[in-house]
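Below is the file target35.cif, which contains mmCIF, C-alpha atoms.
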```cif
data_final
loop_
_atom_site.label_atom_id
_atom_site.label_comp_id
_atom_site.auth_asym_id
_atom_site.auth_seq_id
_atom_site.Cartn_x
_atom_site.Cartn_y
_atom_site.Cartn_z
CA MET A 1 -174.53 -37.98 -180.11
CA ARG A 2 -177.26 -35.94 -181.71
CA GLY A 3 -179.72 -36.85 -184.43
CA GLU A 4 -181.98 -34.21 -185.95
CA ASP A 5 -180.91 -31.05 -184.09
CA VAL A 6 -184.33 -29.49 -183.63
CA GLN A 7 -186.39 -29.52 -180.48
CA HIS A 8 -190.09 -30.11 -181.01
CA SER A 9 -193.27 -30.51 -179.00
CA ASP A 10 -194.78 -33.81 -177.89
CA GLU A 11 -197.32 -33.47 -180.72
CA THR A 12 -194.56 -33.11 -183.31
CA TYR A 13 -192.71 -36.19 -182.10
CA MET A 14 -195.96 -38.15 -181.85
CA ALA A 15 -196.75 -37.18 -185.44
CA MET A 16 -193.41 -38.76 -186.38
CA ALA A 17 -194.43 -41.92 -184.50
CA LEU A 18 -197.74 -41.89 -186.40
CA GLU A 19 -195.77 -41.76 -189.67
CA GLN A 20 -194.05 -44.95 -188.56
CA ALA A 21 -197.43 -46.48 -187.69
CA ARG A 22 -198.60 -45.76 -191.24
CA VAL A 23 -195.49 -47.52 -192.57
CA ALA A 24 -196.42 -50.54 -190.44
CA ALA A 25 -199.93 -50.59 -191.91
CA GLU A 26 -198.52 -50.41 -195.44
CA ILE A 27 -196.46 -53.56 -194.83
CA GLY A 28 -199.38 -55.41 -193.24
CA GLU A 29 -198.43 -54.86 -189.61
CA VAL A 30 -200.60 -53.52 -186.81
CA PRO A 31 -200.09 -49.76 -187.18
CA ILE A 32 -197.93 -48.89 -184.21
CA GLY A 33 -194.94 -46.60 -184.47
CA ALA A 34 -192.30 -45.32 -182.09
CA VAL A 35 -189.68 -42.57 -181.96
CA VAL A 36 -186.90 -42.15 -179.39
CA VAL A 37 -185.75 -38.61 -178.62
CA CYS A 38 -182.56 -37.75 -176.74
CA ASP A 39 -181.63 -34.17 -175.86
CA GLY A 40 -184.15 -32.83 -178.37
CA ALA A 41 -182.90 -35.01 -181.22
CA VAL A 42 -184.61 -38.01 -182.83
CA VAL A 43 -182.16 -40.89 -182.46
CA ALA A 44 -184.35 -43.80 -183.57
CA ARG A 45 -187.64 -44.61 -185.30
CA ALA A 46 -189.37 -47.93 -185.79
CA CYS A 47 -192.68 -49.58 -186.57
CA ASN A 48 -194.16 -52.94 -185.68
CA ARG A 49 -192.47 -55.82 -187.48
CA ARG A 50 -193.90 -58.91 -185.78
CA GLU A 51 -195.48 -60.43 -188.88
CA ILE A 52 -192.83 -59.54 -191.42
CA ASP A 53 -189.93 -60.68 -189.20
CA HIS A 54 -191.81 -63.58 -187.55
CA ASP A 55 -190.73 -62.07 -184.24
CA PRO A 56 -193.04 -61.96 -181.21
CA ALA A 57 -190.80 -59.20 -179.79
CA GLY A 58 -191.04 -57.09 -182.97
CA HIS A 59 -192.90 -54.25 -181.25
CA ALA A 60 -192.22 -50.73 -182.48
CA GLU A 61 -191.00 -49.36 -179.16
CA LEU A 62 -188.73 -52.33 -178.51
CA LEU A 63 -187.12 -51.95 -181.94
CA ALA A 64 -186.76 -48.19 -181.52
CA ILE A 65 -185.19 -48.53 -178.05
CA ARG A 66 -182.70 -51.10 -179.34
CA ALA A 67 -181.80 -48.84 -182.26
CA ALA A 68 -181.40 -45.84 -179.93
CA ALA A 69 -179.10 -47.78 -177.61
CA ALA A 70 -176.99 -48.91 -180.56
CA LYS A 71 -176.78 -45.40 -182.00
CA LEU A 72 -175.93 -43.82 -178.65
CA GLY A 73 -173.52 -46.63 -177.74
CA ARG A 74 -175.06 -47.29 -174.33
CA TRP A 75 -177.92 -49.21 -172.76
CA ARG A 76 -178.83 -46.62 -170.16
CA LEU A 77 -181.18 -44.19 -171.89
CA THR A 78 -181.74 -41.96 -168.86
CA ASP A 79 -182.02 -38.82 -170.98
CA CYS A 80 -184.39 -40.27 -173.58
CA THR A 81 -188.13 -40.06 -174.20
CA VAL A 82 -189.99 -42.77 -176.10
CA TYR A 83 -193.00 -41.68 -178.16
CA VAL A 84 -195.33 -44.52 -179.13
CA THR A 85 -198.76 -44.56 -180.73
CA LEU A 86 -200.25 -47.22 -178.43
CA GLU A 87 -199.73 -47.69 -174.71
CA PRO A 88 -196.85 -50.14 -174.21
CA CYS A 89 -197.47 -53.74 -173.19
CA PRO A 90 -195.73 -55.29 -170.15
CA MET A 91 -192.77 -56.45 -172.29
CA CYS A 92 -192.14 -52.98 -173.72
CA ALA A 93 -192.79 -51.19 -170.43
CA GLY A 94 -190.34 -53.61 -168.82
CA LEU A 95 -187.75 -52.76 -171.44
CA MET A 96 -188.28 -49.05 -170.76
CA HIS A 97 -187.63 -49.79 -167.10
CA GLN A 98 -184.50 -51.78 -167.92
CA ALA A 99 -183.22 -49.07 -170.30
CA ARG A 100 -183.84 -46.46 -167.59
CA ILE A 101 -185.73 -44.16 -169.94
CA ALA A 102 -186.74 -40.80 -168.51
CA ARG A 103 -190.19 -40.60 -170.05
CA CYS A 104 -192.73 -42.34 -172.26
CA VAL A 105 -195.38 -40.46 -174.21
CA TYR A 106 -198.14 -42.54 -175.75
CA ALA A 107 -201.17 -41.72 -177.84
CA ALA A 108 -203.94 -44.27 -177.28
CA PRO A 109 -204.53 -46.44 -174.21
CA ASP A 110 -204.50 -50.21 -174.65
CA PRO A 111 -207.36 -51.81 -172.68
CA LYS A 112 -206.06 -55.31 -173.46
CA ALA A 113 -202.36 -54.99 -172.57
CA GLY A 114 -201.60 -51.45 -171.40
CA ALA A 115 -198.84 -51.48 -168.78
CA LEU A 116 -198.41 -47.73 -168.21
CA GLY A 117 -201.64 -46.91 -166.45
CA THR A 118 -204.46 -48.93 -167.99
CA LEU A 119 -203.91 -52.46 -166.63
CA TYR A 120 -200.58 -52.03 -164.85
CA ASP A 121 -198.44 -49.16 -163.59
CA LEU A 122 -194.95 -50.51 -164.32
CA HIS A 123 -193.57 -47.01 -164.72
CA ASP A 124 -194.48 -46.08 -161.14
CA ASP A 125 -194.10 -49.35 -159.22
CA THR A 126 -192.18 -48.55 -156.04
CA ARG A 127 -190.94 -52.15 -155.83
CA LEU A 128 -188.79 -51.54 -158.92
CA ASN A 129 -185.47 -49.71 -158.90
CA HIS A 130 -186.40 -47.20 -161.61
CA ARG A 131 -189.51 -45.16 -162.24
CA PHE A 132 -190.25 -42.93 -165.22
CA GLU A 133 -192.68 -40.26 -166.25
CA VAL A 134 -195.64 -41.05 -168.52
CA THR A 135 -197.75 -38.70 -170.59
CA SER A 136 -200.80 -40.18 -172.31
CA GLY A 137 -203.35 -39.01 -174.85
CA VAL A 138 -201.05 -37.09 -177.21
CA LEU A 139 -202.71 -37.33 -180.65
CA GLU A 140 -204.89 -40.08 -179.22
CA ALA A 141 -207.74 -39.60 -181.70
CA GLU A 142 -205.45 -39.94 -184.73
CA SER A 143 -203.78 -43.05 -183.38
CA ALA A 144 -207.06 -44.70 -182.36
CA ALA A 145 -208.58 -43.94 -185.77
CA LEU A 146 -205.60 -45.51 -187.54
CA LEU A 147 -205.88 -48.66 -185.42
CA ARG A 148 -209.67 -48.88 -185.84
CA GLY A 149 -209.38 -48.44 -189.60
CA PHE A 150 -206.69 -51.10 -189.85
CA PHE A 151 -208.72 -53.68 -187.93
CA ALA A 152 -211.96 -52.81 -189.77
CA THR A 153 -210.20 -53.43 -193.08
CA LEU A 154 -208.72 -56.66 -191.75
CA ARG A 155 -212.16 -57.91 -190.67
CA LYS A 156 -213.61 -57.11 -194.12
CA GLU A 157 -210.83 -59.05 -195.86
CA ARG A 158 -211.30 -62.19 -193.78
CA PRO A 159 -213.86 -64.75 -194.97
#
```
Step by step, read the file and then write its structure as C-alpha cells.
Amino acid sequence: MRGEDVQHSDETYMAMALEQARVAAEIGEVPIGAVVVCDGAVVARACNRREIDHDPAGHAELLAIRAAAAKLGRWRLTDCTVYVTLEPCPMCAGLMHQARIARCVYAAPDPKAGALGTLYDLHDDTRLNHRFEVTSGVLEAESAALLRGFFATLRKERP
C-alpha cells in the first residue's frame, strides 16, 4: 500500500517530522514529531500526545509506528524508515526493534534518554534478533532550536 507517491530525501522527510513537532508544541506537548516512510511513501505521521491523552506511551514515534502498521495491515515494518525529531528513548527504540524497521533517522540526540547511540545502542545490539540502520543529525539544529524554545517558554510561564 502506498501513501504519498513521491520519493524524497532524508531532509524532506525530517522537515515533515518537524511539522508534526510544531503541531505538538501548539497543543502544549513537547515538540517531537515522527513520520514513517515505506517504499518512498509517507504512510503515517504523528506528534507527541502524552499530556493531551494522559498516556505515558504517547510518544510521536510510537504513535506513528502503530498507525503505519495499521495502515499497512502488518506488524513487520521491514521496509520502513522512521523519521523522528529527537533520538528515540529505550521504549521507542524497543518498539522499532519489535516492528523490525529497516532504518531510523533522527534529528537531535537525547543526552537523557537516547537509545540509538547516545546512552544505548539498541539498534545494533548483537544479543537481539534484529538490528537496524540509524542516521543521526538530519536537521539537528532546527529540531534542537524548537525544543530549546519550547522549554525556555515553559520555564518563563512557571512561577
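The smallest atom-to-atom distance between A:Ala67 and any of A:Arg45, A:Arg131, A:Arg148, A:Arg50, using only C-alpha atoms, is found for A:Arg45.
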Given the file shown, determine the residues that the PyMOL selection byres ((chain A and resi 99) around 6) selects; report them as a PyMOL selection string.
chain A and resi 75-77+95-98+100-101
Output of the PyMOL selection byres ((chain A and resi 133) around 6), listed as a ChimeraX atom specification:
/A:103,132,134
Report as a PyMOL selection string all protein, DNA and RNA residues lying within 12 Å of A:Asn48, evaluated on only C-alpha atoms, omitting residues in the same chain fewer than 5 positions from it.
chain A and resi 17-35+53-64+84-86
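Residue nearest A:Tyr106 within the list A:Thr81, A:Ser9, A:Thr118, A:Thr135: A:Thr135 [criterion: smallest interatomic distance, only C-alpha atoms].
Residue nearest A:Met14, chosen from A:Ala70, A:Ala152, A:Cys89, A:Ala108 and counting all atoms listed in the file: A:Ala108.
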What does the distance from atom CA of A:Ala68 to atom CA of A:Tyr13 come to in Å, to one decimal?
15.0 Å
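Using all atoms listed in the file, the smallest distance between any of A:Lys156, A:Val36, A:Gly94, A:Glu140 and A:Leu128 comes from A:Gly94.
Atom pair atom CA of A:Ser136 / atom CA of A:Ala107 has a distance of 5.8 Å (rounded to one decimal).
Computed from the coordinates, the atom CA of A:Val105 to atom CA of A:Glu87 distance equals 8.5 Å.
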Selected by the PyMOL selection byres ((chain A and resi 120) around 12) in the shown coordinates: which residues, as a PyMOL selection string?
chain A and resi 87-91+93-94+109-119+121-125
Dump as a PDB file, in the coordinates of the input, selection limited to C-alpha atoms:
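The resulting file, out.pdb, is shown below:
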```
ATOM      1  CA  GLU A  87    -199.730 -47.690-174.710  1.00  0.00           C
ATOM      2  CA  PRO A  88    -196.850 -50.140-174.210  1.00  0.00           C
ATOM      3  CA  CYS A  89    -197.470 -53.740-173.190  1.00  0.00           C
ATOM      4  CA  PRO A  90    -195.730 -55.290-170.150  1.00  0.00           C
ATOM      5  CA  MET A  91    -192.770 -56.450-172.290  1.00  0.00           C
ATOM      6  CA  ALA A  93    -192.790 -51.190-170.430  1.00  0.00           C
ATOM      7  CA  GLY A  94    -190.340 -53.610-168.820  1.00  0.00           C
ATOM      8  CA  PRO A 109    -204.530 -46.440-174.210  1.00  0.00           C
ATOM      9  CA  ASP A 110    -204.500 -50.210-174.650  1.00  0.00           C
ATOM     10  CA  PRO A 111    -207.360 -51.810-172.680  1.00  0.00           C
ATOM     11  CA  LYS A 112    -206.060 -55.310-173.460  1.00  0.00           C
ATOM     12  CA  ALA A 113    -202.360 -54.990-172.570  1.00  0.00           C
ATOM     13  CA  GLY A 114    -201.600 -51.450-171.400  1.00  0.00           C
ATOM     14  CA  ALA A 115    -198.840 -51.480-168.780  1.00  0.00           C
ATOM     15  CA  LEU A 116    -198.410 -47.730-168.210  1.00  0.00           C
ATOM     16  CA  GLY A 117    -201.640 -46.910-166.450  1.00  0.00           C
ATOM     17  CA  THR A 118    -204.460 -48.930-167.990  1.00  0.00           C
ATOM     18  CA  LEU A 119    -203.910 -52.460-166.630  1.00  0.00           C
ATOM     19  CA  ASP A 121    -198.440 -49.160-163.590  1.00  0.00           C
ATOM     20  CA  LEU A 122    -194.950 -50.510-164.320  1.00  0.00           C
ATOM     21  CA  HIS A 123    -193.570 -47.010-164.720  1.00  0.00           C
ATOM     22  CA  ASP A 124    -194.480 -46.080-161.140  1.00  0.00           C
ATOM     23  CA  ASP A 125    -194.100 -49.350-159.220  1.00  0.00           C
TER      24      ASP A 125
END
```
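Across A:Val42, A:Ala15, A:Glu157, A:Asp10, the tightest approach to A:Ser143 is made by A:Ala15 when counting only C-alpha atoms.
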Will you model N, CA and C atoms for stretch 107-122 of chain A and pass it back as an mmCIF file, keeping the file's coordinate frame?
```cif
data_model
loop_
_atom_site.group_PDB
_atom_site.id
_atom_site.type_symbol
_atom_site.label_atom_id
_atom_site.label_comp_id
_atom_site.auth_asym_id
_atom_site.auth_seq_id
_atom_site.Cartn_x
_atom_site.Cartn_y
_atom_site.Cartn_z
ATOM 1 N N ALA A 107 -199.959 -42.321 -177.282
ATOM 2 C CA ALA A 107 -201.170 -41.720 -177.840
ATOM 3 C C ALA A 107 -202.423 -42.375 -177.246
ATOM 4 N N ALA A 108 -202.702 -43.595 -177.655
ATOM 5 C CA ALA A 108 -203.940 -44.270 -177.280
ATOM 6 C C ALA A 108 -203.706 -45.299 -176.177
ATOM 7 N N PRO A 109 -204.639 -45.401 -175.238
ATOM 8 C CA PRO A 109 -204.530 -46.440 -174.210
ATOM 9 C C PRO A 109 -204.813 -47.807 -174.822
ATOM 10 N N ASP A 110 -204.263 -48.846 -174.189
ATOM 11 C CA ASP A 110 -204.500 -50.210 -174.650
ATOM 12 C C ASP A 110 -205.244 -50.980 -173.561
ATOM 13 N N PRO A 111 -206.566 -51.140 -173.721
ATOM 14 C CA PRO A 111 -207.360 -51.810 -172.680
ATOM 15 C C PRO A 111 -207.057 -53.298 -172.548
ATOM 16 N N LYS A 112 -206.356 -53.879 -173.510
ATOM 17 C CA LYS A 112 -206.060 -55.310 -173.460
ATOM 18 C C LYS A 112 -204.676 -55.626 -172.910
ATOM 19 N N ALA A 113 -203.726 -54.683 -173.016
ATOM 20 C CA ALA A 113 -202.360 -54.990 -172.570
ATOM 21 C C ALA A 113 -201.612 -53.779 -172.024
ATOM 22 N N GLY A 114 -202.276 -52.675 -171.809
ATOM 23 C CA GLY A 114 -201.600 -51.450 -171.400
ATOM 24 C C GLY A 114 -200.922 -51.568 -170.040
ATOM 25 N N ALA A 115 -199.625 -51.309 -170.013
ATOM 26 C CA ALA A 115 -198.840 -51.480 -168.780
ATOM 27 C C ALA A 115 -198.360 -50.165 -168.185
ATOM 28 N N LEU A 116 -198.815 -49.030 -168.747
ATOM 29 C CA LEU A 116 -198.410 -47.730 -168.210
ATOM 30 C C LEU A 116 -199.624 -46.932 -167.749
ATOM 31 N N GLY A 117 -200.503 -47.604 -167.034
ATOM 32 C CA GLY A 117 -201.640 -46.910 -166.450
ATOM 33 C C GLY A 117 -202.976 -47.585 -166.645
ATOM 34 N N THR A 118 -203.153 -48.334 -167.730
ATOM 35 C CA THR A 118 -204.460 -48.930 -167.990
ATOM 36 C C THR A 118 -204.660 -50.217 -167.190
ATOM 37 N N LEU A 119 -203.821 -51.216 -167.390
ATOM 38 C CA LEU A 119 -203.910 -52.460 -166.630
ATOM 39 C C LEU A 119 -202.870 -52.545 -165.519
ATOM 40 N N TYR A 120 -201.698 -52.006 -165.795
ATOM 41 C CA TYR A 120 -200.580 -52.030 -164.850
ATOM 42 C C TYR A 120 -199.965 -50.639 -164.788
ATOM 43 N N ASP A 121 -199.153 -50.426 -163.770
ATOM 44 C CA ASP A 121 -198.440 -49.160 -163.590
ATOM 45 C C ASP A 121 -196.943 -49.443 -163.454
ATOM 46 N N LEU A 122 -196.363 -50.127 -164.426
ATOM 47 C CA LEU A 122 -194.950 -50.510 -164.320
ATOM 48 C C LEU A 122 -194.021 -49.321 -164.207
#
```
